[in-house]
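Asks: Below is the file structure27.csv, which contains CSV, C-alpha atoms (C1' of nucleotides).
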chain,number,residue,atom,x,y,z
E,1352,MET,CA,0.0,0.0,0.0
E,1353,ALA,CA,0.9,3.7,0.1
E,1354,LYS,CA,1.6,3.6,-3.5
E,1355,HIS,CA,1.3,7.4,-3.7
E,1356,GLU,CA,3.0,8.5,-0.5
E,1357,VAL,CA,2.9,12.2,0.1
E,1358,ILE,CA,6.4,13.5,-0.2
E,1359,ALA,CA,7.4,15.3,3.0
E,1360,PHE,CA,10.3,17.5,2.7
E,1361,ALA,CA,11.2,20.3,5.0
E,1362,LEU,CA,13.9,22.6,3.9
E,1363,ALA,CA,14.5,23.6,7.5
E,1364,ASP,CA,15.6,20.1,8.3
E,1365,PHE,CA,17.7,19.6,5.2
E,1366,PHE,CA,21.4,19.5,6.2
E,1367,PRO,CA,22.9,21.1,3.1
E,1368,TYR,CA,20.4,24.0,3.5
E,1369,ARG,CA,21.1,24.5,7.2
E,1370,LEU,CA,24.8,24.4,6.6
E,1371,ALA,CA,24.6,27.0,3.8
E,1372,VAL,CA,22.5,29.3,6.0
E,1373,LEU,CA,24.9,28.9,8.9
E,1374,ALA,CA,28.0,29.5,6.8
E,1375,GLU,CA,26.5,32.5,5.2
E,1376,HIS,CA,25.7,34.1,8.6
E,1377,VAL,CA,29.0,33.2,10.1
E,1378,SER,CA,30.8,34.6,7.0
E,1379,GLN,CA,28.8,37.8,7.3
E,1380,ALA,CA,29.5,38.1,11.0
E,1381,VAL,CA,33.3,37.8,10.3
E,1382,ALA,CA,33.2,40.0,7.2
E,1383,GLN,CA,31.9,42.9,9.3
E,1384,LEU,CA,35.3,43.0,10.8
E,1385,TYR,CA,37.4,43.4,7.7
E,1386,GLY,CA,34.6,44.7,5.4
E,1387,ASP,CA,33.0,47.5,7.4
E,1388,ARG,CA,36.2,48.6,9.1
E,1389,PHE,CA,38.9,48.1,6.4
E,1390,GLN,CA,36.9,47.8,3.1
E,1391,ILE,CA,38.3,44.5,2.1
E,1392,THR,CA,36.5,41.5,0.7
E,1393,ARG,CA,36.5,38.0,1.8
E,1394,ALA,CA,38.8,36.9,-1.0
E,1395,GLU,CA,41.2,39.8,-0.1
E,1396,TRP,CA,41.1,38.7,3.5
E,1397,ARG,CA,42.1,35.2,2.5
E,1398,VAL,CA,45.0,36.4,0.4
E,1399,LEU,CA,46.2,38.6,3.3
E,1400,ALA,CA,45.9,35.6,5.6
E,1401,ALA,CA,47.9,33.4,3.2
E,1402,LEU,CA,50.7,35.9,2.9
E,1403,GLY,CA,50.5,36.6,6.6
E,1404,ALA,CA,51.3,32.9,7.2
E,1405,ASN,CA,53.7,32.6,4.4
E,1406,ASN,CA,54.9,35.8,2.8
E,1407,GLY,CA,56.3,35.6,-0.7
E,1408,MET,CA,54.0,33.0,-2.1
E,1409,ALA,CA,53.1,32.8,-5.8
E,1410,ALA,CA,49.5,33.4,-6.8
E,1411,LYS,CA,48.9,29.8,-7.5
E,1412,ASP,CA,50.0,28.7,-4.1
E,1413,ILE,CA,47.7,31.3,-2.6
E,1414,ALA,CA,44.9,29.8,-4.5
E,1415,ALA,CA,45.7,26.3,-3.1
E,1416,TYR,CA,46.1,27.7,0.4
E,1417,SER,CA,43.0,29.7,0.5
E,1418,THR,CA,40.5,27.6,-1.6
E,1419,LEU,CA,40.1,30.4,-4.1
E,1420,ASP,CA,40.4,29.9,-7.8
E,1421,LYS,CA,43.1,31.7,-9.8
E,1422,MET,CA,40.6,34.3,-11.0
E,1423,GLN,CA,39.5,35.3,-7.5
E,1424,VAL,CA,43.2,35.5,-6.5
E,1425,SER,CA,44.1,37.5,-9.5
E,1426,ARG,CA,41.4,40.1,-8.8
E,1427,ALA,CA,41.9,40.2,-5.1
E,1428,VAL,CA,45.7,40.7,-5.7
E,1429,ALA,CA,45.0,43.5,-8.1
E,1430,ARG,CA,42.9,45.4,-5.5
E,1431,LEU,CA,45.3,44.7,-2.7
E,1432,GLU,CA,48.2,46.0,-4.8
E,1433,GLU,CA,46.1,49.1,-5.8
E,1434,ALA,CA,45.6,49.7,-2.1
E,1435,GLY,CA,49.3,49.4,-1.4
E,1436,LEU,CA,49.0,46.4,0.8
E,1437,ILE,CA,51.0,44.0,-1.3
E,1438,THR,CA,53.6,44.1,-4.1
E,1439,ARG,CA,54.0,41.9,-7.1
E,1440,ALA,CA,57.3,40.7,-8.5
E,1441,THR,CA,58.1,38.3,-11.3
E,1442,ASP,CA,59.6,35.1,-10.0
E,1443,ASP,CA,63.1,34.7,-11.5
E,1444,ALA,CA,62.9,30.9,-11.1
E,1445,ASP,CA,59.7,30.7,-13.1
E,1446,ARG,CA,59.0,33.9,-15.0
E,1447,ARG,CA,55.3,33.0,-15.5
E,1448,ALA,CA,54.7,33.3,-11.8
E,1449,LYS,CA,54.4,36.4,-9.7
E,1450,ILE,CA,55.7,36.5,-6.1
E,1451,LEU,CA,53.4,38.4,-3.8
E,1452,THR,CA,54.6,40.1,-0.7
E,1453,LEU,CA,52.9,42.1,2.0
E,1454,THR,CA,54.0,45.7,2.3
E,1455,ALA,CA,54.6,47.2,5.7
E,1456,SER,CA,51.0,48.5,5.8
E,1457,GLY,CA,49.7,45.2,4.5
E,1458,ARG,CA,51.4,43.5,7.4
E,1459,THR,CA,50.1,46.1,9.8
E,1460,LEU,CA,46.6,45.6,8.6
E,1461,PHE,CA,46.9,41.8,8.8
E,1462,GLN,CA,48.1,42.1,12.4
E,1463,LYS,CA,45.2,44.4,13.2
E,1464,ILE,CA,42.6,42.0,11.8
E,1465,VAL,CA,43.9,38.7,13.2
E,1466,PRO,CA,43.1,39.3,16.9
E,1467,LEU,CA,39.7,40.6,16.0
E,1468,ALA,CA,39.0,37.6,13.9
E,1469,GLN,CA,40.2,35.2,16.6
E,1470,ALA,CA,38.0,37.0,19.1
E,1471,ARG,CA,35.0,36.6,16.9
E,1472,GLU,CA,35.8,32.9,16.3
E,1473,ASP,CA,36.1,32.4,20.1
E,1474,TYR,CA,32.8,34.2,20.6
E,1475,LEU,CA,31.0,32.1,18.0
E,1476,LEU,CA,32.2,28.8,19.6
E,1477,GLU,CA,31.7,30.0,23.2
E,1478,ASP,CA,28.6,27.9,23.8
E,1479,LEU,CA,30.4,24.6,22.9
E,1480,ASP,CA,32.3,22.6,25.4
E,1481,PRO,CA,35.6,21.0,24.4
E,1482,GLN,CA,34.0,17.7,23.6
E,1483,GLU,CA,31.4,19.3,21.4
E,1484,ARG,CA,34.1,21.2,19.6
E,1485,ALA,CA,36.0,18.1,19.0
E,1486,VAL,CA,32.9,16.3,17.6
E,1487,LEU,CA,32.1,19.3,15.4
E,1488,GLU,CA,35.5,19.5,14.0
E,1489,SER,CA,35.7,15.8,13.2
E,1490,ALA,CA,32.2,15.8,11.8
E,1491,MET,CA,33.1,18.7,9.5
E,1492,GLU,CA,36.1,16.8,8.2
E,1493,LYS,CA,34.1,13.7,7.6
E,1494,VAL,CA,31.4,15.5,5.7
E,1495,LEU,CA,33.9,17.5,3.7
E,1496,ALA,CA,35.6,14.3,2.6
E,1497,ARG,CA,32.3,12.9,1.4
E,1498,ALA,CA,31.4,16.1,-0.4
E,1499,GLN,CA,34.7,16.2,-2.2
E,1500,GLY,CA,34.2,12.6,-3.3
E,1501,LEU,CA,30.8,13.5,-4.7
E,1502,ILE,CA,32.2,16.5,-6.6
E,1503,GLU,CA,35.0,14.5,-8.1
E,1504,ARG,CA,32.8,11.6,-9.2
E,1505,GLY,CA,30.1,13.9,-10.6
O,171,MET,CA,58.6,40.2,27.6
O,172,ALA,CA,57.4,39.1,24.2
O,173,LYS,CA,56.5,42.6,23.4
O,174,HIS,CA,56.5,41.8,19.7
O,175,GLU,CA,55.0,38.4,19.5
O,176,VAL,CA,54.9,36.8,16.1
O,177,ILE,CA,51.3,36.5,15.1
O,178,ALA,CA,50.5,33.0,14.2
O,179,PHE,CA,47.4,32.6,12.2
O,180,ALA,CA,46.5,29.5,10.1
O,181,LEU,CA,43.6,29.9,7.8
O,182,ALA,CA,43.1,26.2,7.7
O,183,ASP,CA,42.4,26.2,11.4
O,184,PHE,CA,40.1,29.2,11.3
O,185,PHE,CA,36.5,28.0,12.0
O,186,PRO,CA,34.7,30.5,9.7
O,187,TYR,CA,37.0,29.6,6.9
O,188,ARG,CA,36.6,25.9,7.3
O,189,LEU,CA,32.8,26.3,7.6
O,190,ALA,CA,32.7,28.3,4.4
O,191,VAL,CA,34.7,25.8,2.5
O,192,LEU,CA,32.6,22.9,3.8
O,193,ALA,CA,29.4,24.6,3.0
O,194,GLU,CA,30.6,25.5,-0.5
O,195,HIS,CA,31.5,22.0,-1.3
O,196,VAL,CA,28.3,20.5,0.2
O,197,SER,CA,26.3,23.0,-1.8
O,198,GLN,CA,28.1,22.1,-4.9
O,199,ALA,CA,27.6,18.4,-4.3
O,200,VAL,CA,23.9,18.9,-4.0
O,201,ALA,CA,23.6,21.4,-6.8
O,202,GLN,CA,24.9,18.8,-9.2
O,203,LEU,CA,21.6,17.1,-8.7
O,204,TYR,CA,19.3,19.8,-9.7
O,205,GLY,CA,21.8,21.9,-11.6
O,206,ASP,CA,23.3,19.4,-14.0
O,207,ARG,CA,20.2,17.4,-14.5
O,208,PHE,CA,17.4,19.9,-14.4
O,209,GLN,CA,19.1,23.3,-15.0
O,210,ILE,CA,17.8,24.7,-11.7
O,211,THR,CA,19.7,27.1,-9.6
O,212,ARG,CA,20.0,26.9,-5.8
O,213,ALA,CA,17.5,29.8,-5.3
O,214,GLU,CA,15.1,28.1,-7.7
O,215,TRP,CA,15.5,24.8,-5.8
O,216,ARG,CA,14.7,26.5,-2.6
O,217,VAL,CA,11.6,28.1,-4.0
O,218,LEU,CA,10.5,24.7,-5.3
O,219,ALA,CA,11.1,23.2,-1.9
O,220,ALA,CA,9.1,26.0,-0.2
O,221,LEU,CA,6.1,25.4,-2.5
O,222,GLY,CA,6.5,21.7,-2.3
O,223,ALA,CA,6.0,21.9,1.4
O,224,ASN,CA,3.4,24.6,1.3
O,225,ASN,CA,1.9,25.3,-2.1
O,226,GLY,CA,0.3,28.7,-2.7
O,227,MET,CA,2.6,30.8,-0.6
O,228,ALA,CA,3.2,34.5,-1.4
O,229,ALA,CA,6.6,35.5,-2.5
O,230,LYS,CA,7.4,37.2,0.8
O,231,ASP,CA,6.6,34.0,2.7
O,232,ILE,CA,8.9,32.1,0.5
O,233,ALA,CA,11.6,34.5,1.3
O,234,ALA,CA,11.2,33.9,5.0
O,235,TYR,CA,10.9,30.2,4.5
O,236,SER,CA,13.9,29.8,2.3
O,237,THR,CA,16.3,32.5,3.7
O,238,LEU,CA,16.4,34.2,0.4
O,239,ASP,CA,15.8,37.9,0.0
O,240,LYS,CA,12.9,39.2,-1.9
O,241,MET,CA,14.9,40.0,-5.0
O,242,GLN,CA,16.4,36.5,-5.2
O,243,VAL,CA,12.8,35.1,-4.9
O,244,SER,CA,11.5,37.5,-7.5
O,245,ARG,CA,14.1,36.4,-10.0
O,246,ALA,CA,13.9,32.7,-9.2
O,247,VAL,CA,10.1,32.9,-9.6
O,248,ALA,CA,10.4,34.6,-12.9
O,249,ARG,CA,12.6,31.9,-14.2
O,250,LEU,CA,10.5,29.1,-12.8
O,251,GLU,CA,7.4,30.6,-14.3
O,252,GLU,CA,9.2,31.0,-17.6
O,253,ALA,CA,10.0,27.3,-17.4
O,254,GLY,CA,6.4,26.5,-16.7
O,255,LEU,CA,7.0,25.1,-13.3
O,256,ILE,CA,5.0,27.6,-11.3
O,257,THR,CA,2.2,30.1,-11.8
O,258,ARG,CA,1.7,33.5,-10.4
O,259,ALA,CA,-1.6,34.9,-9.4
O,260,THR,CA,-2.5,38.1,-7.6
O,261,ASP,CA,-3.8,37.6,-4.1
O,262,ASP,CA,-7.3,38.9,-3.8
O,263,ALA,CA,-6.9,39.5,-0.1
O,264,ASP,CA,-3.8,41.7,-0.7
O,265,ARG,CA,-3.5,42.8,-4.3
O,266,ARG,CA,0.2,43.7,-3.8
O,267,ALA,CA,1.0,40.1,-3.2
O,268,LYS,CA,1.4,37.3,-5.7
O,269,ILE,CA,0.3,33.8,-4.8
O,270,LEU,CA,2.7,31.2,-6.3
O,271,THR,CA,1.6,27.7,-7.1
O,272,LEU,CA,3.4,24.7,-8.5
O,273,THR,CA,2.2,23.5,-11.9
O,274,ALA,CA,1.8,19.8,-12.5
O,275,SER,CA,5.2,19.6,-14.0
O,276,GLY,CA,6.6,21.7,-11.2
O,277,ARG,CA,5.3,19.2,-8.7
O,278,THR,CA,6.6,16.4,-10.8
O,279,LEU,CA,10.1,17.9,-10.9
O,280,PHE,CA,10.0,18.5,-7.1
O,281,GLN,CA,9.0,14.9,-6.5
O,282,LYS,CA,11.9,13.8,-8.7
O,283,ILE,CA,14.4,15.9,-6.9
O,284,VAL,CA,13.5,15.2,-3.3
O,285,PRO,CA,14.6,11.5,-3.1
O,286,LEU,CA,17.8,12.4,-4.9
O,287,ALA,CA,18.5,15.2,-2.5
O,288,GLN,CA,17.7,13.0,0.5
O,289,ALA,CA,19.9,10.3,-0.7
O,290,ARG,CA,22.7,12.7,-1.1
O,291,GLU,CA,22.1,14.1,2.4
O,292,ASP,CA,22.2,10.6,3.8
O,293,TYR,CA,25.4,9.8,2.0
O,294,LEU,CA,27.1,13.0,3.2
O,295,LEU,CA,26.2,12.1,6.8
O,296,GLU,CA,26.9,8.4,6.6
O,297,ASP,CA,30.2,8.5,8.5
O,298,LEU,CA,28.5,10.1,11.5
O,299,ASP,CA,26.9,8.0,14.2
O,300,PRO,CA,23.7,9.2,15.8
O,301,GLN,CA,25.4,10.8,18.7
O,302,GLU,CA,27.7,12.7,16.4
O,303,ARG,CA,24.8,13.8,14.4
O,304,ALA,CA,23.0,15.1,17.4
O,305,VAL,CA,26.1,17.0,18.6
O,306,LEU,CA,26.6,18.4,15.1
O,307,GLU,CA,23.0,19.6,14.9
O,308,SER,CA,23.0,21.3,18.3
O,309,ALA,CA,26.4,22.9,17.7
O,310,MET,CA,25.1,24.3,14.4
O,311,GLU,CA,22.1,25.8,16.2
O,312,LYS,CA,24.3,27.3,18.9
O,313,VAL,CA,26.7,28.9,16.5
O,314,LEU,CA,24.0,30.2,14.3
O,315,ALA,CA,22.4,31.9,17.2
O,316,ARG,CA,25.6,33.6,18.1
O,317,ALA,CA,26.3,34.6,14.5
O,318,GLN,CA,22.8,36.1,14.2
O,319,GLY,CA,23.4,38.1,17.3
O,320,LEU,CA,26.7,39.5,15.9
O,321,ILE,CA,25.0,40.5,12.7
O,322,GLU,CA,22.2,42.3,14.4
O,323,ARG,CA,24.4,44.1,16.8
O,324,GLY,CA,26.9,45.0,14.1
A,324,DT,C1',-12.0,59.7,6.3
A,325,DG,C1',-7.7,61.2,4.4
A,326,DG,C1',-2.8,61.7,3.9
A,327,DG,C1',1.7,60.0,5.2
A,328,DA,C1',4.2,55.9,6.3
A,329,DT,C1',4.8,51.0,5.2
A,330,DT,C1',4.8,46.8,2.6
A,331,DC,C1',5.0,43.9,-1.7
A,332,DG,C1',7.3,42.7,-5.6
A,333,DT,C1',9.8,44.4,-9.8
A,334,DT,C1',13.3,46.8,-12.3
A,335,DG,C1',17.5,49.7,-13.7
A,336,DC,C1',22.0,50.3,-13.1
A,337,DG,C1',26.6,49.6,-11.8
A,338,DA,C1',29.6,46.2,-9.8
A,339,DT,C1',31.0,41.6,-9.6
A,340,DC,C1',31.4,37.1,-11.1
A,341,DG,C1',32.7,32.7,-13.8
A,342,DA,C1',33.9,30.3,-18.1
A,343,DG,C1',36.9,30.3,-21.7
A,344,DA,C1',40.5,32.4,-24.6
A,345,DC,C1',44.8,34.2,-24.5
A,346,DG,C1',50.2,35.4,-24.4
A,347,DA,C1',54.1,34.0,-22.1
A,348,DT,C1',56.8,30.6,-20.2
A,349,DT,C1',58.0,26.1,-18.7
A,350,DT,C1',57.8,21.1,-18.9
A,351,DT,C1',57.3,16.8,-21.2
A,352,DG,C1',58.2,13.2,-24.5
A,353,DC,C1',60.5,11.5,-28.3
B,220,DG,C1',67.1,19.6,-28.9
B,221,DC,C1',62.5,20.6,-30.3
B,222,DA,C1',57.7,20.5,-31.1
B,223,DA,C1',53.5,19.6,-28.4
B,224,DA,C1',51.3,19.9,-24.1
B,225,DA,C1',50.8,21.9,-19.8
B,226,DT,C1',51.0,25.8,-16.5
B,227,DC,C1',50.7,30.7,-14.8
B,228,DG,C1',48.2,34.7,-14.5
B,229,DT,C1',45.4,38.1,-17.0
B,230,DC,C1',41.7,39.6,-19.9
B,231,DT,C1',37.3,39.7,-22.2
B,232,DC,C1',32.6,38.9,-22.4
B,233,DG,C1',28.2,37.7,-21.1
B,234,DA,C1',25.6,36.4,-17.0
B,235,DT,C1',24.5,37.3,-12.4
B,236,DC,C1',24.2,40.0,-8.4
B,237,DG,C1',23.0,43.6,-4.8
B,238,DC,C1',21.5,48.3,-3.9
B,239,DA,C1',18.4,51.6,-4.3
B,240,DA,C1',14.4,53.5,-6.4
B,241,DC,C1',10.1,52.6,-8.0
B,242,DG,C1',4.6,51.9,-8.7
B,243,DA,C1',0.9,49.9,-6.6
B,244,DA,C1',-1.6,48.6,-2.7
B,245,DT,C1',-2.4,48.6,2.2
B,246,DC,C1',-2.0,50.2,6.9
B,247,DC,C1',-1.9,53.6,10.4
B,248,DC,C1',-3.9,57.0,13.1
B,249,DA,C1',-5.1,61.6,13.9
For the structure just supplied, provide its representation as structure tokens.

Replies:
Amino acid sequence: MAKHEVIAFALADFFPYRLAVLAEHVSQAVAQLYGDRFQITRAEWRVLAALGANNGMAAKDIAAYSTLDKMQVSRAVARLEEAGLITRATDDADRRAKILTLTASGRTLFQKIVPLAQAREDYLLEDLDPQERAVLESAMEKVLARAQGLIERG
Amino acid sequence: MAKHEVIAFALADFFPYRLAVLAEHVSQAVAQLYGDRFQITRAEWRVLAALGANNGMAAKDIAAYSTLDKMQVSRAVARLEEAGLITRATDDADRRAKILTLTASGRTLFQKIVPLAQAREDYLLEDLDPQERAVLESAMEKVLARAQGLIERG
DNA sequence: TGGGATTCGTTGCGATCGAGACGATTTTGC
DNA sequence: GCAAAATCGTCTCGATCGCAACGAATCCCA
């Protein structure tokens, strides 16, 4: 029986939807820091973070480090250079590549943002005890691995 | 001492970054279903899901239900109507509003997508045991509440 | 009841974005 | 060595997006 079951589907209970909404809100909450106060975009923030951790990377390494594609990196880099926060120099070892380096003011900006970002991260996670954080972290890794598998296999 | 501490900041350990990457990949994995096979965007899928759960909603209620803003709904609705999947009718009780209804083929499409989406959701979560799922769910709610608070308060 | 404020949904415009083509360079394979 | 293929980063072009303004309808309240 029940040949024509009513399909029950609640968007509010659908994990991918909930995850997208959560990520969007968290992203917006963090973007207030660097967006409202320093007029930089999310991609630019990621490039700053990449160079802050490892100054002198090539654009393609920044893309890998930051999960941005080469186009996003290229455009973010153009804006950051325009703003005087980074400099671009041709790599002598591979003259297709451009080595990117934080300027003094780029480094200063990065060092201003980092503690704010970390404070916001701490605040967001404040309701979770260590065990919950550990489960959340491992769950995110597991789901990510599955999602990547799906994307690769089509 | 340590007046000039070296700032250590790893993007890969930054929760908002990891969440954004995860959500992006999960979203892409699910969008393969309705995107590649039925040429539907994420906003359009959400509108379908809203009407699938509650046919005959006004556009503004769809926005609330689906966490889309009115413009995204308006544009998604225009495309879905163009594709013959929904119809638009002025609400007699409030002639500013438009009542949106799935057509037969809209409902058919929705009923085709739902099991595929649920299967993909199940697959994504397959590595998590019930306890992990419960912690993940509650953690997502707690973090979302904090993020919304930050956004409201600026 | 009437006039200003608000809400609903759409649209115009400028900014932004992604896919693909491109020049320049390097790597690969024979 | 050298031609073909691959890689790096940029650019172009059409599509998409968000902001703000808008017309129409309704609500508010004096």

Asks: Residues at most 8 Å from region 217-227 of chain O, counting all atoms listed in the file, excluding those fewer than 4 positions away in the same chain, as a VMD selection string?

Replies: (chain E and resid 1359 to 1362) or (chain O and resid 213 231 to 232 235 to 236 243 246 to 247 269 to 272 276 to 277 280)

Asks: Starting from the point (54.4, 27.1, -12.9), work out which residues of protein, DNA or RNA have an atom no more than 9 Å away when counting all atoms listed in the file; state them as a list of chain:residue names.

Replies: E:Lys1411, E:Asp1445, E:Arg1446, E:Arg1447, E:Ala1448, A:DT348, A:DT349, B:DT226, B:DC227

Asks: Save out the residues we just selected, C-alpha atoms (C1' of nucleotides), as an mmCIF file, in the frame of the given file.

Replies:
data_model
loop_
_atom_site.group_PDB
_atom_site.id
_atom_site.type_symbol
_atom_site.label_atom_id
_atom_site.label_comp_id
_atom_site.auth_asym_id
_atom_site.auth_seq_id
_atom_site.Cartn_x
_atom_site.Cartn_y
_atom_site.Cartn_z
ATOM 1 C CA LYS E 1411 48.900 29.800 -7.500
ATOM 2 C CA ASP E 1445 59.700 30.700 -13.100
ATOM 3 C CA ARG E 1446 59.000 33.900 -15.000
ATOM 4 C CA ARG E 1447 55.300 33.000 -15.500
ATOM 5 C CA ALA E 1448 54.700 33.300 -11.800
ATOM 6 C "C1'" DT A 348 56.800 30.600 -20.200
ATOM 7 C "C1'" DT A 349 58.000 26.100 -18.700
ATOM 8 C "C1'" DT B 226 51.000 25.800 -16.500
ATOM 9 C "C1'" DC B 227 50.700 30.700 -14.800
#

Asks: One decimal, in Å: what's the spacing between CA of Ser244 (chain O) and CA of Gly1386 (chain E)?

Replies: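 One can read the CA of Ser244 (chain O) to CA of Gly1386 (chain E) distance as 27.4 Å.
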
Asks: Quick one: of O:Thr211, O:Gln202, O:Thr260, O:Gln242, who's nearest to chain E, counting only C-alpha atoms?

Replies: O:Gln202

Asks: With a cut-off of 6 Å, could you pull out the residues of chain O touching chain E and give me the nearest pair of atoms for each, distance in Å to one decimal, using only C-alpha atoms, ordered by chain and ascending number, as a Markdown table?

Replies:
| residue | atom | partner | partner_atom | distance |
| --- | --- | --- | --- | --- |
| O:Leu189 | CA | E:Ala1374 | CA | 5.8 |
| O:Ala190 | CA | E:Ala1374 | CA | 5.4 |
| O:Leu192 | CA | E:Leu1495 | CA | 5.6 |
| O:Ala193 | CA | E:Ala1371 | CA | 5.4 |
| O:His195 | CA | E:Ala1498 | CA | 6.0 |
| O:Val196 | CA | E:Ala1498 | CA | 5.4 |
| O:Ala199 | CA | E:Ile1502 | CA | 5.5 |
| O:Leu294 | CA | E:Arg1497 | CA | 5.5 |
| O:Leu306 | CA | E:Leu1487 | CA | 5.6 |
| O:Val313 | CA | E:Leu1475 | CA | 5.6 |
| O:Leu314 | CA | E:Leu1373 | CA | 5.6 |
| O:Arg316 | CA | E:Leu1475 | CA | 5.6 |
| O:Ala317 | CA | E:Val1377 | CA | 5.3 |
| O:Leu320 | CA | E:Ala1380 | CA | 5.8 |
| O:Ile321 | CA | E:Ala1380 | CA | 5.4 |

Asks: Convert the current residue selection to file output with C-alpha atoms, as a PDB file, in the coordinates of the input.

Replies:
ATOM      1  CA  LEU O 189      32.800  26.300   7.600  1.00  0.00           C
ATOM      2  CA  ALA O 190      32.700  28.300   4.400  1.00  0.00           C
ATOM      3  CA  LEU O 192      32.600  22.900   3.800  1.00  0.00           C
ATOM      4  CA  ALA O 193      29.400  24.600   3.000  1.00  0.00           C
ATOM      5  CA  HIS O 195      31.500  22.000  -1.300  1.00  0.00           C
ATOM      6  CA  VAL O 196      28.300  20.500   0.200  1.00  0.00           C
ATOM      7  CA  ALA O 199      27.600  18.400  -4.300  1.00  0.00           C
ATOM      8  CA  LEU O 294      27.100  13.000   3.200  1.00  0.00           C
ATOM      9  CA  LEU O 306      26.600  18.400  15.100  1.00  0.00           C
ATOM     10  CA  VAL O 313      26.700  28.900  16.500  1.00  0.00           C
ATOM     11  CA  LEU O 314      24.000  30.200  14.300  1.00  0.00           C
ATOM     12  CA  ARG O 316      25.600  33.600  18.100  1.00  0.00           C
ATOM     13  CA  ALA O 317      26.300  34.600  14.500  1.00  0.00           C
ATOM     14  CA  LEU O 320      26.700  39.500  15.900  1.00  0.00           C
ATOM     15  CA  ILE O 321      25.000  40.500  12.700  1.00  0.00           C
TER      16      ILE O 321
END

Asks: Could you give me, as an NGL selection string, the residues that have an atom at most 12 Å away from the point (10.4, 44.3, -13.6) in the coordinates of the file, using all atoms listed in the file?

Replies: (:O and (241 or 244-245 or 248)) or (:A and (332-335)) or (:B and (241-242))

Asks: Have a look at C1' of DA328 (chain A) and C1' of DA243 (chain B) and let me know their distance in Å, one decimal.

Replies: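 Here the two named atoms are 14.6 Å from each other.
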
Asks: Hey, which bits of chain B sit within 10 Å of chain O, and for each residue what's the closest pair of atoms and how far apart in Å (one decimal), counting only C-alpha atoms (C1' of nucleotides), rows by chain and increasing number, as a Markdown table?

Replies:
| residue | atom | partner | partner_atom | distance |
| --- | --- | --- | --- | --- |
| B:DC236 | C1' | O:Gln242 | CA | 9.1 |
| B:DG237 | C1' | O:Met241 | CA | 8.9 |
| B:DA243 | C1' | O:Arg266 | CA | 6.8 |
| B:DA244 | C1' | O:Arg266 | CA | 5.3 |
| B:DT245 | C1' | O:Asp264 | CA | 7.6 |

Asks: Taking all atoms listed in the file into account, name the residue in O:Ile210, O:Leu250, O:Ile283, O:Ala229 that is nearest to chain A.

Replies: O:Ala229

Asks: Could you check how far C1' of DC340 (chain A) sits from C1' of DA225 (chain B), in Å to one decimal?

Replies: 26.1 Å

Asks: Between A:DG352, A:DG327, A:DG337, A:DG346, which has the minimum distance to chain E (counting all atoms listed in the file)?

Replies: A:DG346

Asks: Skipping near chain neighbours, those fewer than 2 positions away, what residues fall within 12 Å of DG341 (chain A) using all atoms listed in the file, listed as a VMD selection string?

Replies: (chain E and resid 1420 to 1423) or (chain A and resid 339 343) or (chain B and resid 231 to 235)

Asks: Find the spatial neighbours of DA223 (chain B), counting all atoms listed in the file, within a cut-off of 12 Å - ignore same-chain residues fewer than 3 positions away - and output them as a list in words.

Replies: DT350, DT351, DG352 and DC353 of chain A

Asks: Would you mind telling me which residue in E:Trp1396, E:Gln1390, E:Ala1434, E:Ala1444 lies nearest to chain A when using only C-alpha atoms (C1' of nucleotides)?

Replies: E:Ala1444
